[in-house]
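Okay, structure24.txt is below, compact mmCIF, C-alpha atoms and all ligand atoms:
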# COMPACT_ATOMS: atom_id res chain seq x y z
CA MET A 1 45.87 118.32 0.04
CA THR A 2 46.95 120.51 -2.85
CA PHE A 3 48.15 124.04 -2.54
CA ASP A 4 46.87 126.26 -5.34
CA THR A 5 49.48 128.78 -6.44
CA THR A 6 47.49 130.17 -9.38
CA GLY A 7 48.17 133.88 -9.73
CA LEU A 8 50.83 133.94 -7.04
CA VAL A 9 54.22 135.45 -7.69
CA ALA A 10 57.40 134.83 -5.70
CA TYR A 11 60.57 136.83 -5.40
CA VAL A 12 63.65 134.65 -5.88
CA ASN A 13 67.08 136.29 -5.76
CA GLY A 14 65.97 139.49 -7.43
CA ASP A 15 63.51 138.01 -9.92
CA PHE A 16 59.72 137.80 -9.73
CA VAL A 17 58.54 134.42 -10.99
CA PRO A 18 55.24 132.50 -10.96
CA ALA A 19 55.16 130.93 -7.47
CA GLY A 20 54.29 127.50 -8.84
CA GLU A 21 57.47 127.50 -10.92
CA ALA A 22 59.79 129.05 -8.34
CA SER A 23 62.49 126.62 -7.24
CA VAL A 24 65.77 126.31 -5.41
CA SER A 25 68.61 123.96 -6.18
CA ILE A 26 68.77 120.52 -4.55
CA PHE A 27 72.29 121.67 -3.60
CA ASP A 28 71.01 124.68 -1.68
CA HIS A 29 72.28 124.37 1.89
CA GLY A 30 68.89 125.42 3.15
CA PHE A 31 67.53 122.22 1.65
CA LEU A 32 70.54 120.05 2.49
CA TYR A 33 71.04 121.17 6.08
CA GLY A 34 68.22 123.49 7.07
CA ASP A 35 70.94 126.14 6.97
CA GLY A 36 68.68 129.16 6.72
CA VAL A 37 66.33 131.51 8.53
CA PHE A 38 62.88 132.84 7.81
CA GLU A 39 60.09 135.17 8.82
CA GLY A 40 56.33 134.85 8.70
CA LEU A 41 54.37 138.07 8.55
CA ARG A 42 50.90 139.24 7.74
CA VAL A 43 49.02 141.51 5.44
CA PHE A 44 45.77 142.75 6.97
CA ASP A 45 43.36 144.65 4.74
CA GLY A 46 45.95 145.79 2.25
CA ALA A 47 48.87 146.58 4.54
CA LEU A 48 51.78 144.72 6.12
CA PHE A 49 51.69 144.64 9.90
CA ARG A 50 54.97 145.59 11.64
CA PRO A 51 57.11 144.45 8.70
CA ARG A 52 60.16 146.34 9.91
CA ASP A 53 60.09 144.37 13.17
CA HIS A 54 60.03 141.12 11.20
CA ILE A 55 62.87 142.26 8.97
CA ALA A 56 64.88 143.26 12.04
CA ARG A 57 64.28 139.83 13.58
CA LEU A 58 65.36 138.18 10.32
CA GLY A 59 68.52 140.24 10.52
CA ARG A 60 69.18 139.05 14.08
CA SER A 61 68.53 135.42 13.16
CA ALA A 62 70.92 135.76 10.22
CA ARG A 63 73.57 137.53 12.28
CA ALA A 64 73.57 134.74 14.85
CA LEU A 65 74.38 132.32 12.04
CA ALA A 66 76.89 134.66 10.35
CA MET A 67 74.64 134.76 7.32
CA GLU A 68 74.52 137.80 5.08
CA VAL A 69 71.16 139.39 4.22
CA PRO A 70 71.76 140.44 0.61
CA LEU A 71 69.39 143.43 0.75
CA ALA A 72 69.30 146.40 3.10
CA PRO A 73 66.19 146.35 5.34
CA GLU A 74 64.29 148.95 3.28
CA GLU A 75 65.21 147.19 0.03
CA LEU A 76 63.93 143.94 1.45
CA LEU A 77 60.74 145.67 2.54
CA SER A 78 60.28 146.98 -1.02
CA ALA A 79 60.76 143.45 -2.39
CA VAL A 80 58.15 142.15 0.05
CA VAL A 81 55.68 144.90 -0.87
CA GLU A 82 56.26 144.31 -4.58
CA THR A 83 55.72 140.56 -4.20
CA ILE A 84 52.38 141.10 -2.48
CA ARG A 85 51.36 143.73 -4.99
CA ARG A 86 52.10 141.35 -7.87
CA CYS A 87 50.11 138.61 -6.13
CA GLY A 88 47.18 141.00 -5.80
CA LEU A 89 46.57 140.01 -2.18
CA SER A 90 45.00 142.14 0.54
CA ASP A 91 44.88 139.53 3.33
CA ALA A 92 47.89 137.30 3.22
CA HIS A 93 50.61 135.37 4.99
CA VAL A 94 54.07 136.23 3.76
CA ARG A 95 57.28 134.29 4.11
CA ILE A 96 60.75 135.67 3.77
CA LEU A 97 63.29 132.85 3.44
CA LEU A 98 67.02 133.31 3.52
CA THR A 99 69.31 130.31 3.09
CA ARG A 100 73.07 129.93 3.01
CA GLY A 101 72.67 129.33 -0.70
CA TYR A 102 73.76 126.96 -3.41
CA GLY A 103 77.07 125.18 -2.95
CA THR A 104 79.05 121.93 -2.96
CA PRO A 105 77.55 119.61 -0.34
CA GLY A 106 79.39 119.74 2.98
CA LEU A 107 78.59 121.63 6.16
CA ASP A 108 81.07 124.43 5.60
CA PRO A 109 79.06 127.57 4.82
CA ALA A 110 82.05 128.89 2.87
CA ARG A 111 81.09 126.46 0.12
CA CYS A 112 78.14 128.72 -0.72
CA GLU A 113 78.92 131.76 -2.79
CA ARG A 114 75.81 133.77 -2.08
CA PRO A 115 72.65 133.38 -0.03
CA THR A 116 69.27 132.49 -1.49
CA LEU A 117 66.54 135.04 -0.74
CA ILE A 118 62.89 134.20 -1.35
CA VAL A 119 59.67 136.07 -0.63
CA ALA A 120 56.42 134.17 -1.04
CA ALA A 121 52.88 135.27 -0.23
CA TYR A 122 49.58 133.46 -0.26
CA PRO A 123 46.01 134.28 0.77
CA PHE A 124 45.24 133.99 4.46
CA PRO A 125 42.06 134.88 6.34
CA PRO A 126 42.42 138.10 8.39
CA HIS A 127 41.96 136.52 11.80
CA LEU A 128 41.77 132.80 12.45
CA GLY A 129 38.90 131.26 14.34
CA THR A 130 38.31 131.73 18.01
CA GLN A 131 37.51 128.06 18.61
CA PRO A 132 39.34 127.23 21.88
CA LEU A 133 42.36 125.01 21.38
CA LYS A 134 42.97 121.62 22.94
CA LEU A 135 46.63 121.44 23.84
CA VAL A 136 48.82 118.68 25.19
CA ILE A 137 52.26 119.01 26.72
CA SER A 138 54.87 117.45 24.45
CA SER A 139 57.79 115.29 25.54
CA VAL A 140 59.94 117.05 22.93
CA VAL A 141 62.13 119.67 24.61
CA ARG A 142 62.15 123.08 22.92
CA LYS A 143 65.38 124.35 21.42
CA ALA A 144 67.41 125.53 24.35
CA PRO A 145 70.02 128.23 24.87
CA ARG A 146 72.94 125.79 24.87
CA SER A 147 71.72 124.21 21.65
CA LEU A 148 70.29 126.28 18.83
CA GLY A 149 68.65 129.26 20.55
CA ALA A 150 64.90 129.43 20.07
CA HIS A 151 65.28 133.14 19.28
CA ILE A 152 66.82 132.18 15.94
CA LYS A 153 63.91 131.63 13.58
CA SER A 154 65.73 129.01 11.59
CA LEU A 155 64.64 126.46 9.02
CA ASN A 156 65.00 123.78 11.71
CA TYR A 157 61.45 123.18 12.93
CA LEU A 158 61.70 119.43 13.44
CA ASP A 159 61.22 119.68 17.19
CA ALA A 160 57.95 121.50 16.51
CA VAL A 161 56.92 119.09 13.76
CA VAL A 162 57.34 116.05 16.01
CA ALA A 163 55.54 117.78 18.90
CA TYR A 164 52.70 118.65 16.53
CA GLN A 165 52.47 115.02 15.41
CA GLN A 166 52.25 113.98 19.05
CA ALA A 167 49.43 116.46 19.61
CA LYS A 168 47.45 115.24 16.63
CA ALA A 169 47.92 111.62 17.66
CA ALA A 170 46.51 112.55 21.08
CA GLY A 171 43.45 114.19 19.47
CA ALA A 172 44.65 117.71 20.31
CA ASN A 173 45.11 120.80 18.11
CA ASP A 174 48.66 121.60 19.11
CA ALA A 175 51.38 120.97 21.65
CA ILE A 176 52.96 123.03 24.39
CA MET A 177 56.71 122.54 24.47
CA LEU A 178 58.76 122.80 27.65
CA ASP A 179 62.31 124.07 27.88
CA HIS A 180 65.37 122.20 29.09
CA LEU A 181 64.44 123.00 32.71
CA GLY A 182 60.85 121.83 32.34
CA ALA A 183 59.29 125.30 32.29
CA VAL A 184 56.71 126.18 29.64
CA ALA A 185 58.38 127.56 26.51
CA GLU A 186 55.76 128.04 23.78
CA THR A 187 53.60 126.04 21.40
CA THR A 188 54.95 124.63 18.14
CA GLY A 189 54.41 127.87 16.25
CA ALA A 190 53.12 130.49 18.67
CA ASN A 191 53.86 132.09 22.03
CA LEU A 192 51.82 131.24 25.07
CA PHE A 193 50.18 133.57 27.59
CA ALA A 194 48.35 132.72 30.80
CA VAL A 195 46.19 134.80 33.15
CA PHE A 196 46.53 134.38 36.91
CA ASP A 197 44.34 136.60 39.12
CA GLY A 198 44.08 139.31 36.48
CA THR A 199 47.83 139.30 35.77
CA LEU A 200 48.99 138.47 32.27
CA VAL A 201 52.00 136.14 32.32
CA THR A 202 54.16 134.88 29.47
CA PRO A 203 57.35 132.83 29.61
CA THR A 204 60.75 134.38 29.04
CA THR A 205 62.40 133.94 25.66
CA ARG A 206 64.94 131.54 27.16
CA ALA A 207 63.43 128.87 24.92
CA ALA A 208 60.73 130.76 23.03
CA LEU A 209 60.78 132.96 19.96
CA PRO A 210 60.57 136.66 20.83
CA GLY A 211 57.26 136.89 19.00
CA ILE A 212 56.17 140.17 17.48
CA THR A 213 52.56 139.44 18.43
CA ARG A 214 53.84 138.71 21.97
CA ARG A 215 55.59 142.09 22.00
CA THR A 216 52.45 143.80 20.70
CA LEU A 217 50.40 142.23 23.51
CA LEU A 218 52.91 143.24 26.18
CA GLU A 219 52.84 146.80 24.81
CA LEU A 220 49.04 146.79 24.83
CA ALA A 221 48.98 145.50 28.41
CA ALA A 222 51.31 148.32 29.49
CA GLU A 223 49.17 150.93 27.71
CA GLN A 224 45.93 149.55 29.12
CA GLY A 225 47.28 149.27 32.68
CA VAL A 226 46.99 145.47 32.70
CA PRO A 227 49.58 143.97 35.07
CA ALA A 228 51.91 141.77 33.03
CA GLU A 229 54.87 139.61 33.97
CA VAL A 230 57.49 137.81 31.93
CA ARG A 231 58.53 134.85 34.06
CA ASP A 232 58.72 131.09 34.22
CA ILE A 233 55.45 129.19 34.11
CA TRP A 234 55.60 125.57 35.23
CA PRO A 235 53.22 123.02 33.72
CA MET A 236 51.35 122.42 36.98
CA ASP A 237 50.77 126.17 37.38
CA LEU A 238 49.53 126.40 33.84
CA TYR A 239 46.94 123.72 34.52
CA ALA A 240 45.49 126.03 37.16
CA ALA A 241 45.55 129.28 35.13
CA ASP A 242 42.33 131.30 34.90
CA ALA A 243 42.82 131.56 31.13
CA ALA A 244 45.46 130.92 28.53
CA PHE A 245 45.91 131.79 24.89
CA VAL A 246 48.43 131.54 22.10
CA SER A 247 49.74 134.44 20.02
CA GLY A 248 51.42 134.59 16.65
CA SER A 249 51.36 136.39 13.33
CA GLY A 250 49.66 133.41 11.72
CA ALA A 251 47.46 132.35 14.62
CA SER A 252 46.64 135.89 15.84
CA ILE A 253 45.26 135.29 19.35
CA VAL A 254 43.44 132.06 20.09
CA PRO A 255 42.09 130.93 23.48
CA VAL A 256 43.22 127.65 25.01
CA GLY A 257 40.22 125.53 25.99
CA GLU A 258 42.06 122.68 27.66
CA ILE A 259 45.52 121.43 28.46
CA ASP A 260 46.12 117.70 28.90
CA GLY A 261 42.36 117.23 29.29
CA ARG A 262 42.03 119.88 32.01
CA PRO A 263 39.51 122.57 31.02
CA LEU A 264 40.39 126.26 31.18
CA GLY A 265 37.91 129.13 31.23
CA SER A 266 39.75 131.07 28.53
CA ALA A 267 36.99 131.67 25.99
CA GLY A 268 35.15 134.86 26.87
CA HIS A 269 37.59 135.78 29.64
CA PRO A 270 37.34 139.59 29.83
CA LEU A 271 41.08 140.18 29.70
CA LEU A 272 41.39 138.00 26.62
CA ASP A 273 38.53 139.85 24.90
CA GLN A 274 40.15 143.17 25.77
CA LEU A 275 43.52 142.10 24.33
CA VAL A 276 41.97 140.66 21.16
CA ALA A 277 40.13 143.96 20.60
CA GLY A 278 43.35 145.88 21.25
CA TYR A 279 45.31 143.66 18.89
CA ARG A 280 42.79 144.07 16.09
CA ALA A 281 42.85 147.83 16.56
CA ARG A 282 46.64 147.73 16.39
CA THR A 283 46.61 145.78 13.12
CA ALA A 284 44.48 148.64 11.71
CA ASP A 285 46.68 151.40 13.18
CA PRO A 286 48.60 153.30 10.45
CA ARG A 287 51.64 153.62 12.75
CA TYR A 288 52.25 149.88 12.45
CA ARG A 289 51.19 149.37 8.84
CA VAL A 290 52.98 149.59 5.51
CA PRO A 291 50.36 149.77 2.75
CA ILE A 292 50.89 147.60 -0.32
CA GLU A 293 49.56 150.00 -2.93
CA GLU A 294 51.85 152.90 -2.05
CA PRO A 295 55.61 153.22 -2.54
CA VAL A 296 57.56 152.40 0.64
CA THR A 297 58.67 155.49 2.53
CA ALA A 298 61.20 155.49 5.33
CA ALA A 299 59.92 154.79 8.87
N1 LIG B 301 56.99 130.82 18.35
C1 LIG B 301 57.26 130.13 17.23
C2 LIG B 301 58.03 128.87 17.33
C3 LIG B 301 56.84 130.60 15.98
O1 LIG B 301 57.11 129.92 14.87
C4 LIG B 301 56.09 131.80 15.94
C5 LIG B 301 55.55 132.31 14.63
N2 LIG B 301 56.53 132.94 13.90
C6 LIG B 301 55.82 132.49 17.13
C7 LIG B 301 56.29 131.97 18.31
C8 LIG B 301 55.06 133.78 17.12
O2 LIG B 301 55.87 134.81 16.64
P1 LIG B 301 55.24 136.08 15.92
O3 LIG B 301 54.25 136.66 16.84
O4 LIG B 301 56.39 136.97 15.67
O5 LIG B 301 54.61 135.59 14.67
I need this file expressed as structure tokens, please.
Amino acid sequence: MTFDTTGLVAYVNGDFVPAGEASVSIFDHGFLYGDGVFEGLRVFDGALFRPRDHIARLGRSARALAMEVPLAPEELLSAVVETIRRCGLSDAHVRILLTRGYGTPGLDPARCERPTLIVAAYPFPPHLGTQPLKLVISSVVRKAPRSLGAHIKSLNYLDAVVAYQQAKAAGANDAIMLDHLGAVAETTGANLFAVFDGTLVTPTTRAALPGITRRTLLELAAEQGVPAEVRDIWPMDLYAADAAFVSGSGASIVPVGEIDGRPLGSAGHPLLDQLVAGYRARTADPRYRVPIEEPVTAA
């Protein structure tokens, strides 16, 4: 599979360069050790969706690793907007990558003089399909609080990669990962929600990324008077949910059709339809959007 970067421009440490030629050193600690953090955000119909929330989360991920973000949040937002503008994209996925930087090999972050900051954007369809997902429960335990917290969106996704491989080998679309206690955490790259008797339930962020789509859905539930709970979900309970779906900036909201071969009635569930409609409306709501064609103004 080739990835066509024709016409795409990337921001690398202050410069805009053709994305196909953008590179980092083989001595970048992000490459050597996965010593870095990132964000994945979306452009819907010419505007970034909740970019300031993503930039704030990047800041928290970086702070947890004592990594400096070389630009102030609004400067970083301007760099993101400018990258997308130069790419000429109106529906896109955007990555902000921040690594410890170039330095003599060795774990000590002090060997790196300055961080590497990259913004890359590429076309992405506005909302992914609604084909219900087949999920399996992975044997790979999600990053746990006493290891590398799952709330740090770091360049270490190997647990997710291996779980994803397991899912594909089992003929499924993706894997659900459990936490160190055996409770449901999230899927490899999205948060998980379940519906029990009209109540929306999602796991805590003990071992799940505090997703911005997850937050949006919890806000929508509160506004729409949908009962919602953030609590542990155990695999056996999940098997018996009325509906389940995954949420993420990339995935949007996708129903879960079966888990470990057990069918779920997620597709067409009224609560799911209501939340999908609410989410789409939110992605079109000017309060949450930063347009690409206009200069960035303060929030
Ligand atoms: N969990 C993981 C592991 C992810 O990689 C993502 C996607 N960034 C999410 C959840 C969903 O987060 P968000 O809604 O902020 O995209």
Test item: residues no farther than 9 Å from ligand LIG 301 (chain B), counting only C-alpha atoms and all ligand atoms, as a count of residues only: 37
Separation of atom CA of A:Arg95 from atom CA of A:Ile292 in Å: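 These two atoms are separated by 15.4 Å.
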Tell me which of A:Pro203, A:Pro132, A:Pro109, A:Pro126 sits closest to A:Leu32, counting all atoms listed in the file.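 Using all atoms listed in the file, the shortest distance to A:Leu32 belongs to A:Pro109.
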For each of A:Val24, A:Val94, A:Ala170, A:Ala240, take the minimum atom-to-atom distance to A:Phe124, counting all atoms listed in the file, then give the residue where this is smallest.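 Result for the nearest residue to A:Phe124: A:Val94.
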So what do you get for atom CA of A:Ala167 versus atom CA of A:Leu135, distance-wise? 7.1 Å
From the list A:Phe49, A:Tyr122, A:Phe196, A:Tyr239, the nearest residue to A:Val226 using all atoms listed in the file is A:Phe196
Shell of 10 Å around stretch 75-78 of chain A, all atoms listed in the file, local chain residues under 3 positions omitted, as a count of residues only: 21
So how far away is atom CA of A:Leu264 from atom CA of A:Asp174, in Å?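 Atom-to-atom, atom CA of A:Asp174 and atom CA of A:Leu264 are spaced 15.4 Å apart.
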Output, as AutoDock Vina command-line options, the centre and edge lengths in Å (one decimal) of the axis-aligned box that contains all listed atoms of stretch 212-217 of chain A with 4 Å of margin on each side.
--center_x 53.3 --center_y 141.3 --center_z 20.5 --size_x 13.8 --size_y 13.1 --size_z 14.0
